[in-house]
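Scroll down for the structure; my scribbles are underneath it.
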Amino acid sequence: MSVPDDLLGRHDIVTADDMEQLGRRLGAGLVAGDLLVLTGPLGAGKTTLTRGIAEGLGVRGPIQSPTFVIARTHPSLVDGPPLVHADAYRLGSALELDDLDIDADGSVVVVEWGRGMAEGLREQWWELEIERPVGGRGADTMCGDLSRSTEALDDDAPRVVTISRRP
């Protein structure tokens, strides 16, 4: 497991640029076999963080949410490991994620909405919990009526990212 101890714990994030910077710091230390499970509400910054991780790893972009394609592989531009960026939101079970046949040993794998789905890919992983202010019924879970516009969800608002090793 390759994330330095100084990145473990709570990080107060003020802007999207700060989120990408945290991602770059993470990405610079990641190696093949690392799994990062990102959890947080809609608009929390999971893809923004992954964009920074990709920059730190030196992989080919662009980095976009893989919600509809489920997973994208971004090859390295610097002889490092590729980045597999997956989104488990639309999957019904961990078995569906396993069916993607992700090269968890030879890649850095980032799984958005991965809690309860991605942990079986590796014996150890990094859990990144992203908290953001939410308002209105359903805005934080994508369930029910979204009472805030998508534009409002993208506003720069403070976030908290907590990074921990599992198990």
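Scheme for the structure tokens: letters A, B, ... for chains in order shown; per-chain residue numbers from 1; ligand numbers from 1 in order shown.
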Item to complete: Go through chain A and collect every residue that DSSP, computed from the backbone, puts in helix (DSSP H, G or I); the answer should be as an MDAnalysis selection string.
Response: chainID A and resid 5:7 16:29 46:57 94:98 119:121 150:153
Worksheet entry | Who sits within 7 Å of Ser107 in chain A, only C-alpha atoms, same chain under 4 positions skipped, as a list of chain:residue names |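 Neighbouring residues, sequence-local ones excluded: A:Ala32, A:Gly33, A:Pro81, A:Pro82, A:Leu83, A:Val84, A:Asp103.
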Contact table range 63-108 of chain A vs range 42-50 of chain A, cut-off 10 Å, shortest pair per residue, only C-alpha atoms, as CSV:
```
residue,atom,partner,partner_atom,distance
A:Ile63,CA,A:Thr50,CA,7.4
A:Gln64,CA,A:Thr47,CA,6.7
A:Ser65,CA,A:Thr47,CA,5.9
A:Pro66,CA,A:Thr47,CA,8.8
A:Leu83,CA,A:Thr50,CA,9.5
A:His85,CA,A:Thr50,CA,7.8
A:Asp87,CA,A:Thr47,CA,9.7
```
Worksheet item: For Arg51 in chain A, which residue among A:Val110, A:Val78, A:Arg90, A:Asp101 is the nearest when counting only C-alpha atoms?
Response: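 Closest to Arg51 in chain A of all the choices is A:Val110.
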Report the closest atom pair, with its distance in Å rounded to one decimal, for each residue of range 6-103 of chain A that has an atom no farther than 7 Å from range 112-116 of chain A; count only C-alpha atoms, sort by chain and then rising residue number, and write it as CSV.
```
residue,atom,partner,partner_atom,distance
A:Val37,CA,A:Gly114,CA,5.3
A:Leu38,CA,A:Glu112,CA,4.8
A:Thr39,CA,A:Trp113,CA,5.3
A:Lys46,CA,A:Glu112,CA,6.5
A:Ala86,CA,A:Glu112,CA,6.2
A:Asp87,CA,A:Glu112,CA,4.6
A:Ala88,CA,A:Trp113,CA,5.3
A:Tyr89,CA,A:Trp113,CA,5.3
```
Discussion item. If we count only C-alpha atoms and set the cut-off at 8 Å, which residues sit around Thr162 in chain A, ignoring sequence neighbours fewer than 2 positions away in its own chain? Please answer as a list in words.
Written reply: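 Everything that qualifies: Leu8, Gly9, Arg10, His11, Glu127, Leu128, Glu129, Ile130, Val160 and Ser164 of chain A.
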Worksheet item: chain A: which residues are strand (DSSP E or B) by DSSP, as an MDAnalysis selection string?
Response: chainID A and resid 9:13 35:39 59 71:74 76 83:87 108:112 125:131 159:166
Practice prompt. Find, counting only C-alpha atoms, the residue in A:Leu57, A:Ala157, A:Leu36, A:Leu91 that gets nearest to Leu121 in chain A.
Written response: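 Closest residue, counting only C-alpha atoms: A:Leu36.
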Practice prompt. Find the residues near Gly23 in chain A: any atom within 8 Å, counting only C-alpha atoms, skip ones fewer than 4 places away on the same chain, and give them as number ranges by chain.
Written response: A: 19, 27, 49-56
Worksheet item: For the atom pair CA of Ala16 in chain A and CA of Asp156 in chain A, what is the interatomic distance in Å to one decimal place?
Response: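 Calculated distance between CA of Ala16 in chain A and CA of Asp156 in chain A is 6.3 Å.
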